[in-house]
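A.B. asks: Got a structure for you, start.pdb, holding PDB, C-alpha atoms and all ligand atoms.
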MODEL        1
ATOM      1  CA  MET I 160       0.000   0.000   0.000  1.00  0.00           C
ATOM      2  CA  LYS I 161       1.259   3.432  -0.799  1.00  0.00           C
ATOM      3  CA  GLU I 162      -0.972   5.172   1.639  1.00  0.00           C
ATOM      4  CA  LYS I 163       1.496   5.267   4.441  1.00  0.00           C
ATOM      5  CA  SER I 164       4.147   7.058   2.487  1.00  0.00           C
ATOM      6  CA  ASP I 165       1.604   9.267   0.819  1.00  0.00           C
ATOM      7  CA  LEU I 166       0.373  10.678   4.056  1.00  0.00           C
ATOM      8  CA  PRO I 167       3.459  12.055   5.755  1.00  0.00           C
ATOM      9  CA  ALA I 168       2.036  15.527   5.823  1.00  0.00           C
ATOM     10  CA  ASP I 169      -1.001  14.320   7.643  1.00  0.00           C
ATOM     11  CA  THR I 170       0.412  15.538  10.880  1.00  0.00           C
ATOM     12  CA  SER I 171      -2.588  17.299  12.216  1.00  0.00           C
ATOM     13  CA  HIS I 172      -4.382  14.482  13.842  1.00  0.00           C
ATOM     14  CA  SER I 173      -2.319  14.521  16.862  1.00  0.00           C
ATOM     15  CA  VAL I 174      -3.012  14.210  20.485  1.00  0.00           C
ATOM     16  CA  SER I 175      -1.096  15.823  23.213  1.00  0.00           C
ATOM     17  CA  ALA I 176      -2.308  15.885  26.732  1.00  0.00           C
ATOM     18  CA  SER I 177       0.477  18.027  28.017  1.00  0.00           C
ATOM     19  CA  VAL I 178       0.074  20.677  25.368  1.00  0.00           C
ATOM     20  CA  SER I 179      -3.583  20.862  24.639  1.00  0.00           C
ATOM     21  CA  LEU I 180      -5.054  20.904  28.093  1.00  0.00           C
ATOM     22  CA  PRO I 181      -3.205  23.998  29.244  1.00  0.00           C
ATOM     23  CA  ASN I 182      -3.984  25.631  25.938  1.00  0.00           C
ATOM     24  CA  VAL I 183      -7.641  25.058  26.407  1.00  0.00           C
ATOM     25  CA  LEU I 184      -7.987  25.738  30.070  1.00  0.00           C
ATOM     26  CA  SER I 185      -5.236  27.963  31.295  1.00  0.00           C
ATOM     27  CA  SER I 186      -6.241  31.299  29.924  1.00  0.00           C
ATOM     28  CA  THR I 187      -9.756  30.822  28.710  1.00  0.00           C
ATOM     29  CA  SER I 188     -13.122  30.386  30.228  1.00  0.00           C
ATOM     30  CA  SER I 189     -15.407  30.042  27.262  1.00  0.00           C
ATOM     31  CA  VAL I 190     -15.665  27.605  24.422  1.00  0.00           C
ATOM     32  CA  ASP I 191     -15.184  30.305  21.835  1.00  0.00           C
ATOM     33  CA  SER I 192     -11.987  31.585  23.265  1.00  0.00           C
ATOM     34  CA  ALA I 193     -10.815  28.051  23.851  1.00  0.00           C
ATOM     35  CA  VAL I 194     -11.362  27.295  20.207  1.00  0.00           C
ATOM     36  CA  ALA I 195      -9.444  30.378  19.203  1.00  0.00           C
ATOM     37  CA  GLN I 196      -6.642  29.301  21.450  1.00  0.00           C
ATOM     38  CA  ARG I 197      -6.727  25.843  20.001  1.00  0.00           C
ATOM     39  CA  THR I 198      -6.357  27.085  16.481  1.00  0.00           C
ATOM     40  CA  ASP I 199      -2.902  28.274  17.333  1.00  0.00           C
ATOM     41  CA  SER I 200      -1.856  24.971  18.780  1.00  0.00           C
ATOM     42  CA  THR I 201      -0.503  21.966  16.982  1.00  0.00           C
ATOM     43  CA  THR I 202      -3.517  19.917  17.936  1.00  0.00           C
ATOM     44  CA  GLU I 203      -6.129  21.965  16.223  1.00  0.00           C
ATOM     45  CA  ASN I 204      -8.139  19.240  14.652  1.00  0.00           C
ATOM     46  CA  SER I 205      -7.537  16.506  17.097  1.00  0.00           C
ATOM     47  CA  LEU I 206      -9.621  15.054  19.789  1.00  0.00           C
ATOM     48  CA  SER I 207      -7.173  15.941  22.446  1.00  0.00           C
ATOM     49  CA  VAL I 208      -6.441  13.249  24.930  1.00  0.00           C
ATOM     50  CA  VAL I 209      -6.515  14.628  28.409  1.00  0.00           C
ATOM     51  CA  THR I 210      -5.162  11.543  30.099  1.00  0.00           C
ATOM     52  CA  PRO I 211      -1.975   9.740  29.150  1.00  0.00           C
ATOM     53  CA  SER I 212      -3.935   6.608  28.373  1.00  0.00           C
ATOM     54  CA  PRO I 213      -7.642   6.006  28.005  1.00  0.00           C
ATOM     55  CA  ALA I 214      -9.289   5.942  31.370  1.00  0.00           C
ATOM     56  CA  PRO I 215     -11.032   2.734  32.330  1.00  0.00           C
ATOM     57  CA  PHE I 216     -14.573   2.674  31.147  1.00  0.00           C
ATOM     58  CA  SER I 217     -17.426   0.306  31.057  1.00  0.00           C
ATOM     59  CA  ASP I 218     -17.222  -2.583  28.666  1.00  0.00           C
ATOM     60  CA  ALA I 219     -20.945  -2.198  28.188  1.00  0.00           C
ATOM     61  CA  ALA I 220     -20.556   1.300  26.800  1.00  0.00           C
ATOM     62  CA  LEU I 221     -17.859   0.183  24.419  1.00  0.00           C
ATOM     63  CA  GLU I 222     -19.823  -2.870  23.366  1.00  0.00           C
ATOM     64  CA  THR I 223     -22.849  -0.707  22.644  1.00  0.00           C
ATOM     65  CA  LEU I 224     -20.669   1.542  20.513  1.00  0.00           C
ATOM     66  CA  ARG I 225     -19.206  -1.437  18.718  1.00  0.00           C
ATOM     67  CA  ASP I 226     -22.668  -2.803  18.011  1.00  0.00           C
ATOM     68  CA  GLU I 227     -23.867   0.528  16.647  1.00  0.00           C
ATOM     69  CA  LEU I 228     -20.840   1.448  14.617  1.00  0.00           C
ATOM     70  CA  ILE I 229     -20.644   1.188  10.848  1.00  0.00           C
ATOM     71  CA  ILE I 230     -17.816   2.089   8.499  1.00  0.00           C
ATOM     72  CA  PRO I 231     -18.303   5.799   7.798  1.00  0.00           C
ATOM     73  CA  VAL I 232     -17.464   5.767   4.092  1.00  0.00           C
ATOM     74  CA  THR I 233     -19.917   4.352   1.587  1.00  0.00           C
ATOM     75  CA  GLY I 234     -18.677   1.280  -0.243  1.00  0.00           C
ATOM     76  CA  VAL I 235     -15.709   0.529   1.997  1.00  0.00           C
ATOM     77  CA  PHE I 236     -15.442  -2.951   3.499  1.00  0.00           C
ATOM     78  CA  SER I 237     -13.751  -3.849   6.758  1.00  0.00           C
ATOM     79  CA  ARG I 238     -11.130  -5.932   4.969  1.00  0.00           C
ATOM     80  CA  GLU I 239      -9.958  -2.744   3.270  1.00  0.00           C
ATOM     81  CA  LEU I 240      -9.320  -0.914   6.527  1.00  0.00           C
ATOM     82  CA  ARG I 241      -5.830  -0.452   7.875  1.00  0.00           C
ATOM     83  CA  ASP I 242      -4.950   0.089  11.491  1.00  0.00           C
ATOM     84  CA  THR I 243      -3.066   3.377  11.438  1.00  0.00           C
ATOM     85  CA  PHE I 244      -4.096   4.332  14.955  1.00  0.00           C
ATOM     86  CA  THR I 245      -0.625   4.153  16.452  1.00  0.00           C
ATOM     87  CA  GLU I 246       1.306   5.528  13.497  1.00  0.00           C
ATOM     88  CA  ALA I 247       3.506   8.524  14.066  1.00  0.00           C
ATOM     89  CA  ARG I 248       2.370  11.827  12.637  1.00  0.00           C
ATOM     90  CA  GLY I 249       5.266  14.180  12.871  1.00  0.00           C
ATOM     91  CA  SER I 250       8.085  13.758  15.314  1.00  0.00           C
ATOM     92  CA  ASN I 251       6.167  13.675  18.534  1.00  0.00           C
ATOM     93  CA  ARG I 252       2.594  12.886  17.683  1.00  0.00           C
ATOM     94  CA  VAL I 253       0.529   9.790  17.241  1.00  0.00           C
ATOM     95  CA  HIS I 254      -2.295   9.460  14.755  1.00  0.00           C
ATOM     96  CA  ASP I 255      -4.971   8.272  17.219  1.00  0.00           C
ATOM     97  CA  ALA I 256      -7.340   7.826  14.284  1.00  0.00           C
ATOM     98  CA  ILE I 257      -7.682   5.821  11.121  1.00  0.00           C
ATOM     99  CA  ASP I 258      -7.512   7.080   7.550  1.00  0.00           C
ATOM    100  CA  ILE I 259      -9.977   5.605   5.086  1.00  0.00           C
ATOM    101  CA  PRO I 260      -8.975   6.324   1.479  1.00  0.00           C
ATOM    102  CA  ALA I 261     -11.779   6.678  -1.041  1.00  0.00           C
ATOM    103  CA  PRO I 262     -12.405   8.603  -4.247  1.00  0.00           C
ATOM    104  CA  ARG I 263     -13.109  12.282  -3.808  1.00  0.00           C
ATOM    105  CA  GLY I 264     -16.813  12.882  -3.374  1.00  0.00           C
ATOM    106  CA  THR I 265     -17.609   9.479  -1.882  1.00  0.00           C
ATOM    107  CA  PRO I 266     -20.340   9.929   0.728  1.00  0.00           C
ATOM    108  CA  VAL I 267     -19.198  10.123   4.336  1.00  0.00           C
ATOM    109  CA  ILE I 268     -21.942   8.724   6.545  1.00  0.00           C
ATOM    110  CA  ALA I 269     -22.693   8.921  10.228  1.00  0.00           C
ATOM    111  CA  ALA I 270     -21.077   5.906  11.863  1.00  0.00           C
ATOM    112  CA  THR I 271     -23.611   5.857  14.680  1.00  0.00           C
ATOM    113  CA  PRO I 272     -26.904   7.484  15.505  1.00  0.00           C
ATOM    114  CA  GLY I 273     -26.473  10.599  17.582  1.00  0.00           C
ATOM    115  CA  ARG I 274     -26.201  14.294  16.896  1.00  0.00           C
ATOM    116  CA  VAL I 275     -23.874  16.868  15.469  1.00  0.00           C
ATOM    117  CA  LEU I 276     -21.831  18.572  18.148  1.00  0.00           C
ATOM    118  CA  LYS I 277     -19.859  20.975  15.981  1.00  0.00           C
ATOM    119  CA  LEU I 278     -19.081  21.719  12.386  1.00  0.00           C
ATOM    120  CA  PHE I 279     -15.536  22.936  12.577  1.00  0.00           C
ATOM    121  CA  THR I 280     -12.846  24.075  10.167  1.00  0.00           C
ATOM    122  CA  SER I 281      -9.159  24.068  10.860  1.00  0.00           C
ATOM    123  CA  LYS I 282      -6.042  24.515   8.806  1.00  0.00           C
ATOM    124  CA  ALA I 283      -5.029  20.938   9.426  1.00  0.00           C
ATOM    125  CA  GLY I 284      -8.312  19.084   9.497  1.00  0.00           C
ATOM    126  CA  GLY I 285     -10.116  21.141   6.884  1.00  0.00           C
ATOM    127  CA  LEU I 286     -13.860  20.706   6.997  1.00  0.00           C
ATOM    128  CA  MET I 287     -14.704  18.562   9.986  1.00  0.00           C
ATOM    129  CA  VAL I 288     -17.713  17.164  11.805  1.00  0.00           C
ATOM    130  CA  TYR I 289     -17.684  16.381  15.505  1.00  0.00           C
ATOM    131  CA  ALA I 290     -20.631  14.214  16.514  1.00  0.00           C
ATOM    132  CA  ALA I 291     -21.883  12.425  19.611  1.00  0.00           C
ATOM    133  CA  ASP I 292     -22.971   8.808  19.573  1.00  0.00           C
ATOM    134  CA  SER I 293     -26.411   7.900  20.919  1.00  0.00           C
ATOM    135  CA  SER I 294     -25.081   7.249  24.416  1.00  0.00           C
ATOM    136  CA  GLU I 295     -23.403  10.666  24.409  1.00  0.00           C
ATOM    137  CA  ARG I 296     -20.353   9.020  25.898  1.00  0.00           C
ATOM    138  CA  PHE I 297     -18.307   9.077  22.728  1.00  0.00           C
ATOM    139  CA  ILE I 298     -17.295  11.746  20.241  1.00  0.00           C
ATOM    140  CA  LEU I 299     -16.771  10.837  16.610  1.00  0.00           C
ATOM    141  CA  MET I 300     -14.710  13.114  14.422  1.00  0.00           C
ATOM    142  CA  TYR I 301     -14.666  13.171  10.626  1.00  0.00           C
ATOM    143  CA  ALA I 302     -12.027  15.309   8.879  1.00  0.00           C
ATOM    144  CA  HIS I 303     -10.723  16.438   5.466  1.00  0.00           C
ATOM    145  CA  LEU I 304     -14.271  16.559   4.076  1.00  0.00           C
ATOM    146  CA  ASP I 305     -14.770  17.929   0.582  1.00  0.00           C
ATOM    147  CA  GLY I 306     -18.065  19.418   1.703  1.00  0.00           C
ATOM    148  CA  TYR I 307     -20.925  19.086   4.141  1.00  0.00           C
ATOM    149  CA  ALA I 308     -24.307  17.582   3.457  1.00  0.00           C
ATOM    150  CA  PRO I 309     -26.946  20.256   2.888  1.00  0.00           C
ATOM    151  CA  ASP I 310     -28.756  21.379   6.038  1.00  0.00           C
ATOM    152  CA  LEU I 311     -26.212  19.847   8.381  1.00  0.00           C
ATOM    153  CA  ILE I 312     -25.958  22.165  11.375  1.00  0.00           C
ATOM    154  CA  ASP I 313     -24.684  22.099  14.922  1.00  0.00           C
ATOM    155  CA  GLY I 314     -27.059  20.109  17.084  1.00  0.00           C
ATOM    156  CA  ALA I 315     -28.757  18.305  14.233  1.00  0.00           C
ATOM    157  CA  PRO I 316     -29.865  14.763  15.055  1.00  0.00           C
ATOM    158  CA  LEU I 317     -28.099  12.050  13.069  1.00  0.00           C
ATOM    159  CA  LYS I 318     -29.328   8.707  11.919  1.00  0.00           C
ATOM    160  CA  ARG I 319     -26.769   6.001  11.435  1.00  0.00           C
ATOM    161  CA  GLY I 320     -25.819   5.914   7.769  1.00  0.00           C
ATOM    162  CA  GLN I 321     -27.012   9.442   7.102  1.00  0.00           C
ATOM    163  CA  THR I 322     -24.756  11.309   4.695  1.00  0.00           C
ATOM    164  CA  ILE I 323     -22.919  14.078   6.512  1.00  0.00           C
ATOM    165  CA  GLY I 324     -20.448  15.076   3.819  1.00  0.00           C
ATOM    166  CA  SER I 325     -18.068  13.740   1.224  1.00  0.00           C
ATOM    167  CA  VAL I 326     -14.497  12.490   1.144  1.00  0.00           C
ATOM    168  CA  GLY I 327     -11.945  15.128   0.232  1.00  0.00           C
ATOM    169  CA  THR I 328      -8.575  16.606   0.978  1.00  0.00           C
ATOM    170  CA  THR I 329      -9.358  19.799   2.863  1.00  0.00           C
ATOM    171  CA  GLY I 330      -6.837  20.765   5.496  1.00  0.00           C
ATOM    172  CA  ASN I 331      -3.440  19.155   5.187  1.00  0.00           C
ATOM    173  CA  ALA I 332      -4.423  15.949   3.419  1.00  0.00           C
ATOM    174  CA  PRO I 333      -2.273  15.289   0.360  1.00  0.00           C
ATOM    175  CA  PRO I 334      -4.221  16.562  -2.667  1.00  0.00           C
ATOM    176  CA  ASN I 335      -3.763  13.258  -4.479  1.00  0.00           C
ATOM    177  CA  VAL I 336      -4.867  11.078  -1.562  1.00  0.00           C
ATOM    178  CA  PRO I 337      -8.458  11.864  -0.674  1.00  0.00           C
ATOM    179  CA  HIS I 338      -9.377  10.095   2.542  1.00  0.00           C
ATOM    180  CA  LEU I 339     -11.539  10.334   5.608  1.00  0.00           C
ATOM    181  CA  HIS I 340      -9.687  10.874   8.850  1.00  0.00           C
ATOM    182  CA  PHE I 341     -11.910   9.213  11.439  1.00  0.00           C
ATOM    183  CA  ALA I 342     -11.369   9.413  15.182  1.00  0.00           C
ATOM    184  CA  ILE I 343     -13.349   8.294  18.208  1.00  0.00           C
ATOM    185  CA  ALA I 344     -12.887   9.504  21.750  1.00  0.00           C
ATOM    186  CA  ARG I 345     -14.490   8.639  25.018  1.00  0.00           C
ATOM    187  CA  SER I 346     -15.749  11.784  26.663  1.00  0.00           C
ATOM    188  CA  ALA I 347     -16.724  12.709  30.187  1.00  0.00           C
ATOM    189  CA  ASP I 348     -18.391  15.893  28.926  1.00  0.00           C
ATOM    190  CA  ILE I 349     -19.380  16.065  25.283  1.00  0.00           C
ATOM    191  CA  SER I 350     -19.971  19.796  25.501  1.00  0.00           C
ATOM    192  CA  LYS I 351     -16.188  19.846  25.303  1.00  0.00           C
ATOM    193  CA  TRP I 352     -16.323  18.373  21.828  1.00  0.00           C
ATOM    194  CA  TRP I 353     -12.598  18.781  21.246  1.00  0.00           C
ATOM    195  CA  GLN I 354     -11.562  16.625  24.188  1.00  0.00           C
ATOM    196  CA  GLY I 355     -11.597  12.946  24.927  1.00  0.00           C
ATOM    197  CA  ALA I 356      -9.612   9.779  25.399  1.00  0.00           C
ATOM    198  CA  ALA I 357      -8.843   8.224  22.047  1.00  0.00           C
ATOM    199  CA  VAL I 358     -10.410   4.886  21.173  1.00  0.00           C
ATOM    200  CA  ASN I 359      -9.125   2.913  18.180  1.00  0.00           C
ATOM    201  CA  PRO I 360     -11.849   2.842  15.504  1.00  0.00           C
ATOM    202  CA  TYR I 361     -10.092  -0.024  13.765  1.00  0.00           C
ATOM    203  CA  THR I 362     -10.618  -2.448  16.633  1.00  0.00           C
ATOM    204  CA  LEU I 363     -14.332  -1.634  16.607  1.00  0.00           C
ATOM    205  CA  LEU I 364     -14.720  -1.867  12.831  1.00  0.00           C
ATOM    206  CA  LYS I 365     -12.407  -4.657  11.789  1.00  0.00           C
ATOM    207  CA  ASN I 366     -15.017  -7.394  12.044  1.00  0.00           C
ATOM    208  CA  LYS I 367     -17.894  -5.464  10.542  1.00  0.00           C
TER     209      LYS I 367
HETATM  210 ZN    ZN I 401      -5.471  10.857   9.522  1.00  0.00          ZN
ENDMDL
END
Using C-alpha cells, write down the structure from this file.
C.D. replies:
Amino acid sequence: MKEKSDLPADTSHSVSASVSLPNVLSSTSSVDSAVAQRTDSTTENSLSVVTPSPAPFSDAALETLRDELIIPVTGVFSRELRDTFTEARGSNRVHDAIDIPAPRGTPVIAATPGRVLKLFTSKAGGLMVYAADSSERFILMYAHLDGYAPDLIDGAPLKRGQTIGSVGTTGNAPPNVPHLHFAIARSADISKWWQGAAVNPYTLLKNK
C-alpha cells in the first residue's frame, strides 16, 4: 500500500495531553476563546487526549458503541481498513485515528446514531464534523471533508448511515490522496467536543 508514504504531511491528527489541556484551560473560560486558542496549537483538529492513556470505562458502553458502529465511508469494506491508529504523525505525535482512502466525493456517513456537536474548520483538518454517539459518551470526528451535506448544522440529530459530507482533501491531506480521517474519543463531557480519550476505531470496525 502506498498510503502510508503518501500521508506524511497528515500531521494534524495529533493528540497531546500536556500541550492541549493547558492551551484550552489555562487562559480561557469560554468555548469560543478556547477554540481560538486551540487554532494556534498543533492539535487543532484533534480530539485531544486529556489523560496519558484512556481511562477505564465500562465494557458495556464500548460494546454498545461497537454494536452501533458502521464504516463511515460508503462502499468501503472492513477488509480494506488499515490500522493506522498508532502511526507517528510528525516527530512527537501519534495518529490516534484511522484514515480511510476513497475517491473524492464518496459519501461520508454517520457511523452511529447521535447528533452533530460541531461543524468545525481548521487549517489541518479542513472541513470537519464532531458528533456524539447515541449514548453521548463518545465523540466521533470526521475530517478532510470535501463538503458538508446540505442542512447539516450544529445540534442536528443524526441517523446512522445518514450522509454528513463527502471524502476530500481539505486541510493538510495530500491533494492526491483523498481520505476520511476518522477518530473516536471517550468523553466525560461532550460539551467539550474537542476533548476525549482516544479509542481505536479499527478495533471496533475490523469485524464489521
Ligand atoms: Zn489521519
A.B. asks: Work out how far apart atom CA of I:Arg345 and atom CA of I:Asn251 are and give it in Å to one decimal.
C.D. replies: 22.2 Å
A.B. asks: Pick from I:Leu286, I:Ala308, I:Val267, I:Ile257: nearest to ligand ZN 401 (chain I), with all atoms listed in the file counted?
C.D. replies: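 Smallest separation from ligand ZN 401 (chain I) among the options: I:Ile257.
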A.B. asks: What separation in Å, quoted to one decimal, exists between atom CA of I:Pro266 and atom CA of I:Ala247?
C.D. replies: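 Result for atom CA of I:Pro266 versus atom CA of I:Ala247: 27.4 Å, one decimal.
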A.B. asks: So what do you get for atom CA of I:Asp218 versus atom CA of I:Ala291, distance-wise?
C.D. replies: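 Taking atom CA of I:Asp218 as the start and atom CA of I:Ala291 as the end point, the length is 18.1 Å.
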A.B. asks: Taking only C-alpha atoms into account, which of I:Pro231, I:Gly355, I:Pro360, I:Gly306 comes nearest I:Leu278?
C.D. replies: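 Using only C-alpha atoms, I:Leu278 sits closest to I:Gly306.
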A.B. asks: I'd like to see the residues matched by the PyMOL selection byres (((chain I and resi 346) around 10) and not hetatm) on this file, and ideally I'd get them as a ChimeraX atom specification.
C.D. replies: /I:206,208-209,214,291,295-298,343-345,347-357
A.B. asks: Rank nothing, just name the residue among I:Asp310, I:Asp258, I:Asp305, I:Glu222 nearest to ligand ZN 401 (chain I), using all atoms listed in the file.
C.D. replies: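 Comparing I:Asp310, I:Asp258, I:Asp305, I:Glu222 against ligand ZN 401 (chain I), the winner is I:Asp258.
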A.B. asks: Can you give me, as a ChimeraX atom specification, the residues this file yields under the PyMOL selection byres (((chain I and resi 237) around 9) and not hetatm)?
C.D. replies: /I:230,235-236,238-241,361,364-367
A.B. asks: Counting only C-alpha atoms and all ligand atoms, which of I:Asp242, I:Asp226, I:Asp313, I:Asp292 gets nearest to ligand ZN 401 (chain I)?
C.D. replies: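 Looking only at the distances to ligand ZN 401 (chain I), the closest residue turns out to be I:Asp242.
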A.B. asks: Looking at I:Gly284, I:Thr362, I:Phe279, I:Ile268, which one is nearest to I:Gly324, with distances taken over all atoms listed in the file?
C.D. replies: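 For I:Gly324, the nearest of the candidates is I:Ile268.
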A.B. asks: Using all atoms listed in the file, which of I:Asn331, I:Ser281, I:Thr271, I:Thr223 sits nearest ligand ZN 401 (chain I)?
C.D. replies: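 Checking each of I:Asn331, I:Ser281, I:Thr271, I:Thr223 against ligand ZN 401 (chain I), counting all atoms listed in the file, the winner is I:Asn331.
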A.B. asks: Residue by residue, what does the PyMOL selection byres (((chain I and resi 265) around 8) and not hetatm) grab here? Present the result as a list of chain:residue names.
C.D. replies: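 For this structure, the PyMOL selection byres (((chain I and resi 265) around 8) and not hetatm) resolves to I:Val232, I:Thr233, I:Ala261, I:Pro262, I:Arg263, I:Gly264, I:Pro266, I:Val267, I:Ser325, I:Val326.
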A.B. asks: Which polymer residues have any atom within 6 Å of an atom of I:Tyr289, counting all atoms listed in the file, with same-chain residues fewer than 6 positions away left out, as a ChimeraX atom specification?
C.D. replies: /I:276-277,299-300
A.B. asks: Could you give me the centre and size, in Å to one decimal, of an axis-aligned box around all listed atoms of stretch 333-347 of chain I with 8 Å added on every side, as JSON?
C.D. replies:
{"center_x": -9.5, "center_y": 12.4, "center_z": 12.9, "size_x": 30.5, "size_y": 24.3, "size_z": 50.7}
